[in-house]
Amino acid sequence: MTRLVGAELFRVRASGLWLWSLLAALVLGCGFTTLFTAIGPENFDPPLPGLGTSEGVRAVLGLATTTLFVPALIGAIAVTGDYRHQTLGQTVLAEPRRGRVLAAKLVALAVVGAGYALVVVAGTVAALYGTTALTGTRLGAPPGEVFAILLGTAAAIVAYTLIGGGIGALVRHQLAAVGVVLGYFAVAEIVVLVIPGVNHAYPYLPGGASAALTGFGYLTDAVAADTGAVTTLLSPWAGFTVLLGYAVAAAVLATMSSLRRDIA
Amino acid sequence: MRIDVDRVGKRYGGVRAVDELSFAARPGAITGFLGPNGSGKSTTMRIILGLASPDTGSATLDGRRYAELDHPTRDVGAVLDTMRAHPAMTCRDHLRLHARLGGHAPHRVDEAAEQSGVTAFAQRRVRTLSTGMRQRLALATALLGDPGVLVLDEPANGLDPHGLAWLRDLLTRLAAEGRTLLVSSHVLAELEVLADDVVIIADGRLVAEGPLREVLAAAGEPRSLEQVFLSLTEGAAR
């Protein structure tokens, strides 16, 4: 298994996917946090509490959860690459047990997701403290609270990378997998939140579970303010377990279905 | 290591791709695998390699299915019908990836590249390669594990006359070392020089099998492999 995981990590490096992932992590971690911190949440439309409050810090850090579709895309692209470039045949010649191939890809993706999360967290910390030092803003949350939020974000990033990988294994076609990831995380999940009755399931959907991890319920708060429908999120650990559950379920389904087909 | 295909059958939808096909390929010999387009050669090779499952029968290597081999790419090297690799990877990285996947020592990358004539363009990205270069890279990938069996689907595709001569020498040398080679090709004049044994199929069924000389002799008057092939497979779907 170590051999296969090492090979899959090498594939991410040699195919250039790591570079795009690093760029995305830098822009979304450092770039966006610098922008949001410099503008200040009190100047958002609608305005949020300022950085001098715990809620304001939480809001700026929590906005990273709206870009969680990016690690999911990285996961989907990494797994579907073997299908797109028709290299799965060569891969399973080396390891005919296809479930092991997928497991190795997912373990490698967990490492990639952790690396992405590390860059996002480091970039966010540098941007948050650097920008507030320059603007002379005093943060309303102690470092321990900031760290706890960022730890939740990092865990969500790793889980989303794995969910993307699971979706990729199920869908197989790269463009279709990208479409599913974008369509679900950018559109469908938000629609679910405003459908009466169905929104009770939101805490168990990836968006709700990731909001539980970071304690940032931007969408749930907005819907509660507009409709009065209050959605109670899960605990952080339960949220993380739910997210991992999606990745495992997708991988198991893929192993039982698409991975069993003949390889052309 | 011997390849045994035993009464293999495979259907795709309503089409019978391979029908009760049986043949063997022995160590130390080059077995030419011939058939018109769509006759089931690639499907049979994929079944031998475990990439496709037979509906009936079995394909084994010294009695074991491909999936049961302990170190599959050390036992069997394969060239699939077209070279598939990530276009952004360099040839060297492609070989390093497959050496890692197969658990082969890093020095095998340079050795296989040298053996296949890839060294000269090892730093080029796959997307920039000519068809002939891709074929050499595919062969280098197959040779990474220094395997005792080679299953090669159209390895001569895209090679120029120099490439063909090089391939002939390489395959002859590999067989002389005691390896088992199953080689499909449409270049019949080349196979006539190269092959020790031939297996000819049409519409998924065996039409001739045996040492090349015997198959040619069975045709009666002196005839070339091409003439024998055309007469045996006349009317087969293409």
# chains A, B, ... in the order shown; residues from 1 in each chain; ligands from 1
$ residues_around --residues "stretch 117-119 of chain A" --least-positions-apart "6" --cutoff "10 Å" --atoms "only C-alpha atoms" --output "list of chain:residue names"
A:Ser21, A:Leu22, A:Leu23, A:Ala24, A:Ala25, A:Leu26, A:Val27, A:Leu28, A:Gly29, A:Cys30, A:Pro71, A:Val111, A:Val125, A:Leu150, A:Leu151, A:Thr153, A:Ala154, A:Ala155, A:Ala156, A:Ile157, A:Val158
$ interface_residues --of "chain B" --to "chain A" --cutoff "10 Å" --atoms "only C-alpha atoms" --output "ChimeraX atom specification"
/B:42-43,46-47,49-54,66-74,76-90,92-94,96-104,138,141-142,145
$ write_last_selection --atoms "N, CA and C atoms" --output "short mmCIF file (atom, residue, chain, number, x, y, z; two decimals), in the first residue's frame"
data_model
loop_
_atom_site.label_atom_id
_atom_site.label_comp_id
_atom_site.auth_asym_id
_atom_site.auth_seq_id
_atom_site.Cartn_x
_atom_site.Cartn_y
_atom_site.Cartn_z
N SER B 42 -7.33 -7.63 -29.51
CA SER B 42 -7.11 -6.74 -28.36
C SER B 42 -7.93 -7.19 -27.16
N THR B 43 -9.16 -7.64 -27.41
CA THR B 43 -10.01 -8.13 -26.31
C THR B 43 -9.34 -9.32 -25.63
N ARG B 46 -6.50 -8.19 -23.53
CA ARG B 46 -6.99 -7.54 -22.31
C ARG B 46 -7.48 -8.56 -21.29
N ILE B 47 -8.04 -9.64 -21.80
CA ILE B 47 -8.48 -10.71 -20.89
C ILE B 47 -7.26 -11.38 -20.25
N LEU B 49 -4.54 -9.99 -19.59
CA LEU B 49 -3.96 -9.02 -18.64
C LEU B 49 -4.91 -8.65 -17.50
N GLY B 50 -6.09 -9.25 -17.48
CA GLY B 50 -7.02 -8.98 -16.38
C GLY B 50 -7.76 -7.65 -16.50
N LEU B 51 -7.63 -6.99 -17.66
CA LEU B 51 -8.32 -5.70 -17.82
C LEU B 51 -9.77 -5.90 -18.22
N ALA B 52 -10.07 -7.05 -18.80
CA ALA B 52 -11.46 -7.41 -19.14
C ALA B 52 -11.71 -8.82 -18.61
N SER B 53 -12.96 -9.06 -18.21
CA SER B 53 -13.29 -10.39 -17.67
C SER B 53 -13.92 -11.24 -18.77
N PRO B 54 -13.49 -12.48 -18.91
CA PRO B 54 -14.13 -13.34 -19.91
C PRO B 54 -15.51 -13.78 -19.42
N TYR B 66 -3.99 -13.40 -14.18
CA TYR B 66 -3.13 -12.22 -14.01
C TYR B 66 -3.29 -11.62 -12.61
N ALA B 67 -4.56 -11.53 -12.14
CA ALA B 67 -4.83 -10.90 -10.84
C ALA B 67 -4.25 -11.71 -9.69
N GLU B 68 -3.89 -12.97 -9.94
CA GLU B 68 -3.34 -13.81 -8.87
C GLU B 68 -1.82 -13.77 -8.81
N LEU B 69 -1.19 -13.05 -9.74
CA LEU B 69 0.28 -12.97 -9.74
C LEU B 69 0.74 -12.12 -8.56
N ASP B 70 1.84 -12.54 -7.92
CA ASP B 70 2.33 -11.80 -6.76
C ASP B 70 2.92 -10.45 -7.15
N HIS B 71 3.69 -10.44 -8.23
CA HIS B 71 4.32 -9.19 -8.70
C HIS B 71 4.02 -9.08 -10.19
N PRO B 72 2.78 -8.66 -10.53
CA PRO B 72 2.35 -8.77 -11.92
C PRO B 72 3.27 -8.12 -12.94
N THR B 73 3.77 -6.89 -12.68
CA THR B 73 4.59 -6.27 -13.73
C THR B 73 6.03 -6.76 -13.72
N ARG B 74 6.39 -7.62 -12.74
CA ARG B 74 7.69 -8.30 -12.82
C ARG B 74 7.56 -9.56 -13.64
N VAL B 76 4.89 -9.93 -16.06
CA VAL B 76 4.32 -9.64 -17.38
C VAL B 76 4.48 -8.15 -17.70
N GLY B 77 4.98 -7.88 -18.90
CA GLY B 77 5.03 -6.51 -19.40
C GLY B 77 4.04 -6.40 -20.54
N ALA B 78 3.38 -5.25 -20.66
CA ALA B 78 2.36 -5.14 -21.71
C ALA B 78 2.45 -3.82 -22.44
N VAL B 79 2.24 -3.90 -23.75
CA VAL B 79 2.03 -2.70 -24.55
C VAL B 79 0.59 -2.78 -25.04
N LEU B 80 -0.23 -1.83 -24.61
CA LEU B 80 -1.62 -1.81 -25.07
C LEU B 80 -1.66 -1.15 -26.44
N ASP B 81 -2.81 -1.22 -27.11
CA ASP B 81 -2.83 -0.82 -28.52
C ASP B 81 -2.37 0.61 -28.80
N THR B 82 -2.66 1.53 -27.88
CA THR B 82 -2.09 2.87 -28.05
C THR B 82 -1.42 3.28 -26.75
N MET B 83 -0.36 4.07 -26.88
CA MET B 83 0.38 4.50 -25.70
C MET B 83 -0.47 5.50 -24.92
N ARG B 84 -0.71 5.21 -23.66
CA ARG B 84 -1.47 6.12 -22.83
C ARG B 84 -0.60 6.63 -21.70
N ALA B 85 -0.49 7.94 -21.61
CA ALA B 85 0.31 8.55 -20.54
C ALA B 85 -0.20 9.96 -20.31
N HIS B 86 0.07 10.49 -19.13
CA HIS B 86 -0.36 11.86 -18.86
C HIS B 86 0.44 12.80 -19.76
N PRO B 87 -0.25 13.64 -20.56
CA PRO B 87 0.47 14.46 -21.55
C PRO B 87 1.45 15.45 -20.94
N ALA B 88 1.22 15.85 -19.69
CA ALA B 88 2.09 16.87 -19.09
C ALA B 88 3.34 16.24 -18.46
N MET B 89 3.39 14.92 -18.37
CA MET B 89 4.55 14.28 -17.74
C MET B 89 5.69 14.14 -18.73
N THR B 90 6.92 14.20 -18.21
CA THR B 90 8.05 13.87 -19.07
C THR B 90 8.10 12.33 -19.17
N ARG B 92 10.58 10.48 -18.65
CA ARG B 92 11.30 9.94 -17.49
C ARG B 92 10.37 9.84 -16.28
N ASP B 93 9.57 10.89 -16.06
CA ASP B 93 8.63 10.84 -14.93
C ASP B 93 7.58 9.75 -15.14
N HIS B 94 7.15 9.57 -16.39
CA HIS B 94 6.19 8.49 -16.67
C HIS B 94 6.79 7.14 -16.26
N ARG B 96 9.28 6.69 -14.13
CA ARG B 96 9.49 6.67 -12.68
C ARG B 96 8.17 6.33 -11.97
N LEU B 97 7.06 6.91 -12.48
CA LEU B 97 5.75 6.61 -11.88
C LEU B 97 5.45 5.11 -11.96
N HIS B 98 5.66 4.54 -13.14
CA HIS B 98 5.32 3.12 -13.30
C HIS B 98 6.32 2.20 -12.59
N ALA B 99 7.55 2.67 -12.42
CA ALA B 99 8.50 1.89 -11.61
C ALA B 99 8.02 1.87 -10.16
N ARG B 100 7.52 3.00 -9.69
CA ARG B 100 7.01 3.05 -8.30
C ARG B 100 5.76 2.19 -8.17
N LEU B 101 4.85 2.32 -9.13
CA LEU B 101 3.61 1.53 -9.07
C LEU B 101 3.93 0.03 -9.02
N GLY B 102 4.90 -0.38 -9.82
CA GLY B 102 5.21 -1.81 -9.91
C GLY B 102 6.18 -2.28 -8.84
N GLY B 103 6.73 -1.34 -8.06
CA GLY B 103 7.69 -1.71 -7.02
C GLY B 103 9.04 -2.11 -7.60
N HIS B 104 9.43 -1.49 -8.73
CA HIS B 104 10.71 -1.81 -9.36
C HIS B 104 11.81 -0.85 -8.88
N ALA B 138 6.16 3.14 -24.61
CA ALA B 138 5.27 2.05 -24.17
C ALA B 138 6.10 0.78 -23.92
N THR B 141 8.04 1.09 -20.74
CA THR B 141 7.16 0.88 -19.58
C THR B 141 6.96 -0.62 -19.36
N ALA B 142 6.77 -1.36 -20.45
CA ALA B 142 6.56 -2.81 -20.35
C ALA B 142 7.80 -3.53 -19.80
N GLY B 145 9.84 -3.94 -15.36
CA GLY B 145 9.95 -5.02 -14.38
C GLY B 145 10.82 -6.17 -14.84
#
$ residues_around --residues "B:Arg205" --least-positions-apart "6" --cutoff "9 Å" --atoms "only C-alpha atoms" --output "CSV table (one decimal) with C-alpha atoms, in the first residue's frame"
chain,number,residue,atom,x,y,z
B,17,ALA,CA,-16.0,-10.5,-29.6
B,18,VAL,CA,-14.2,-13.8,-28.7
B,19,ASP,CA,-15.7,-17.2,-29.2
B,20,GLU,CA,-14.4,-20.4,-27.5
B,21,LEU,CA,-10.8,-19.3,-28.2
B,22,SER,CA,-8.0,-21.6,-27.1
B,39,SER,CA,-11.4,-10.1,-34.8
B,40,GLY,CA,-10.9,-10.0,-31.0
$ select_by_dssp --residues "stretch 42-247 of chain A" --states "helix (DSSP H, G or I)" --output "PyMOL selection string"
chain A and resi 42-43+54-67+69-84+88-94+98-135+143-171+174-194+198-204+206-214+218-227+236-247
$ closest_residue --among "B:Asp75, B:Ala122, B:Leu216, B:Leu144" --to "B:Val109" --atoms "only C-alpha atoms"
B:Leu144
$ select_by_dssp --residues "stretch 10-224 of chain B" --states "strand (DSSP E)" --output "ChimeraX atom specification"
/B:10-12,15-25,30-34,56-61,76-79,149-153,180-184,197-202,205-211
$ closest_residue --among "A:Thr37, A:Ile167, A:Leu73, A:Asn43" --to "A:Ala250" --atoms "only C-alpha atoms"
A:Ile167
$ atom_distance --atom1 "atom CA of B:Asn37" --atom2 "atom CA of B:Ser184"
11.1 Å
$ residues_around --residues "A:Val146" --least-positions-apart "2" --cutoff "9 Å" --atoms "only C-alpha atoms" --output "number ranges by chain"
A: 57-58, 61, 125, 141-144, 148-151
$ residues_around --residues "stretch 169-183 of chain B" --least-positions-apart "6" --cutoff "8 Å" --atoms "only C-alpha atoms" --output "list in words"
Met1, Arg2, Ile3, Ala25, Arg26, Pro27, Gly28, Ala29, Ile30, Thr31, Gly32, Phe33, Pro147, Gly148, Val149, Leu150, Val151, Leu152, Asp153, Glu154, Pro155 and Leu194 of chain B
$ atom_distance --atom1 "atom CA of B:Leu137" --atom2 "atom CA of B:Gly117"
8.3 Å
$ atom_distance --atom1 "atom CA of B:Ala112" --atom2 "atom CA of B:Leu95"
8.5 Å
$ residues_around --residues "B:Glu226" --least-positions-apart "5" --cutoff "10 Å" --atoms "only C-alpha atoms" --output "MDAnalysis selection string"
chainID B and resid 186:189 191:192 216 231:232
$ write_last_selection --atoms "N, CA and C atoms" --output "PDB file, in the first residue's frame"
ATOM      1  N   HIS B 186      -0.220  -6.089 -37.676  1.00  0.00           N
ATOM      2  CA  HIS B 186      -0.744  -6.174 -39.036  1.00  0.00           C
ATOM      3  C   HIS B 186       0.400  -6.181 -40.048  1.00  0.00           C
ATOM      4  N   VAL B 187       1.640  -5.989 -39.553  1.00  0.00           N
ATOM      5  CA  VAL B 187       2.789  -5.976 -40.464  1.00  0.00           C
ATOM      6  C   VAL B 187       3.230  -7.430 -40.658  1.00  0.00           C
ATOM      7  N   LEU B 188       2.579  -8.107 -41.601  1.00  0.00           N
ATOM      8  CA  LEU B 188       2.753  -9.555 -41.720  1.00  0.00           C
ATOM      9  C   LEU B 188       4.134  -9.940 -42.223  1.00  0.00           C
ATOM     10  N   ALA B 189       4.711  -9.120 -43.127  1.00  0.00           N
ATOM     11  CA  ALA B 189       6.050  -9.426 -43.638  1.00  0.00           C
ATOM     12  C   ALA B 189       7.041  -9.414 -42.469  1.00  0.00           C
ATOM     13  N   LEU B 191       6.287  -9.976 -39.249  1.00  0.00           N
ATOM     14  CA  LEU B 191       6.024 -11.135 -38.380  1.00  0.00           C
ATOM     15  C   LEU B 191       6.557 -12.422 -38.991  1.00  0.00           C
ATOM     16  N   GLU B 192       6.525 -12.505 -40.319  1.00  0.00           N
ATOM     17  CA  GLU B 192       6.999 -13.725 -40.993  1.00  0.00           C
ATOM     18  C   GLU B 192       8.480 -13.941 -40.704  1.00  0.00           C
ATOM     19  N   LEU B 216       2.437 -22.462 -42.525  1.00  0.00           N
ATOM     20  CA  LEU B 216       2.670 -22.133 -43.941  1.00  0.00           C
ATOM     21  C   LEU B 216       2.645 -23.415 -44.783  1.00  0.00           C
ATOM     22  N   SER B 231      -6.180 -15.869 -47.104  1.00  0.00           N
ATOM     23  CA  SER B 231      -7.087 -16.952 -47.481  1.00  0.00           C
ATOM     24  C   SER B 231      -7.837 -17.508 -46.275  1.00  0.00           C
ATOM     25  N   LEU B 232      -7.166 -17.537 -45.096  1.00  0.00           N
ATOM     26  CA  LEU B 232      -7.817 -18.085 -43.892  1.00  0.00           C
ATOM     27  C   LEU B 232      -8.874 -17.140 -43.319  1.00  0.00           C
TER      28      LEU B 232
END
$ closest_residue --among "B:Asp160, B:Arg223, B:Leu34, B:Phe121" --to "B:Ala195" --atoms "only C-alpha atoms"
B:Leu34
$ residues_around --residues "A:Leu139" --least-positions-apart "6" --cutoff "8 Å" --atoms "only C-alpha atoms" --output "list in words"
Leu51, Gly52, Thr53, Ser54, Val57 and Thr132 of chain A
$ write_last_selection --atoms "N, CA and C atoms" --output "PDB file, in the first residue's frame"
ATOM      1  N   LEU A  51     -13.869  43.326  12.948  1.00  0.00           N
ATOM      2  CA  LEU A  51     -12.810  42.423  13.412  1.00  0.00           C
ATOM      3  C   LEU A  51     -12.482  42.613  14.890  1.00  0.00           C
ATOM      4  N   GLY A  52     -12.991  43.663  15.460  1.00  0.00           N
ATOM      5  CA  GLY A  52     -12.789  43.888  16.886  1.00  0.00           C
ATOM      6  C   GLY A  52     -13.663  42.970  17.734  1.00  0.00           C
ATOM      7  N   THR A  53     -14.563  42.213  17.079  1.00  0.00           N
ATOM      8  CA  THR A  53     -15.421  41.259  17.797  1.00  0.00           C
ATOM      9  C   THR A  53     -15.073  39.834  17.394  1.00  0.00           C
ATOM     10  N   SER A  54     -15.426  38.909  18.282  1.00  0.00           N
ATOM     11  CA  SER A  54     -15.182  37.489  17.997  1.00  0.00           C
ATOM     12  C   SER A  54     -15.955  37.067  16.752  1.00  0.00           C
ATOM     13  N   VAL A  57     -14.159  38.189  13.489  1.00  0.00           N
ATOM     14  CA  VAL A  57     -12.997  37.341  13.160  1.00  0.00           C
ATOM     15  C   VAL A  57     -13.491  36.012  12.592  1.00  0.00           C
ATOM     16  N   THR A 132      -3.924  43.204   9.854  1.00  0.00           N
ATOM     17  CA  THR A 132      -4.430  43.952  11.018  1.00  0.00           C
ATOM     18  C   THR A 132      -3.296  44.721  11.702  1.00  0.00           C
TER      19      THR A 132
END
$ closest_residue --among "B:Leu206, B:Glu111, B:Leu230, B:Leu164" --to "B:Asp6" --atoms "only C-alpha atoms"
B:Leu206
$ closest_residue --among "A:Thr241, A:Thr137, A:Thr131, A:Thr34" --to "A:Pro206" --atoms "only C-alpha atoms"
A:Thr241
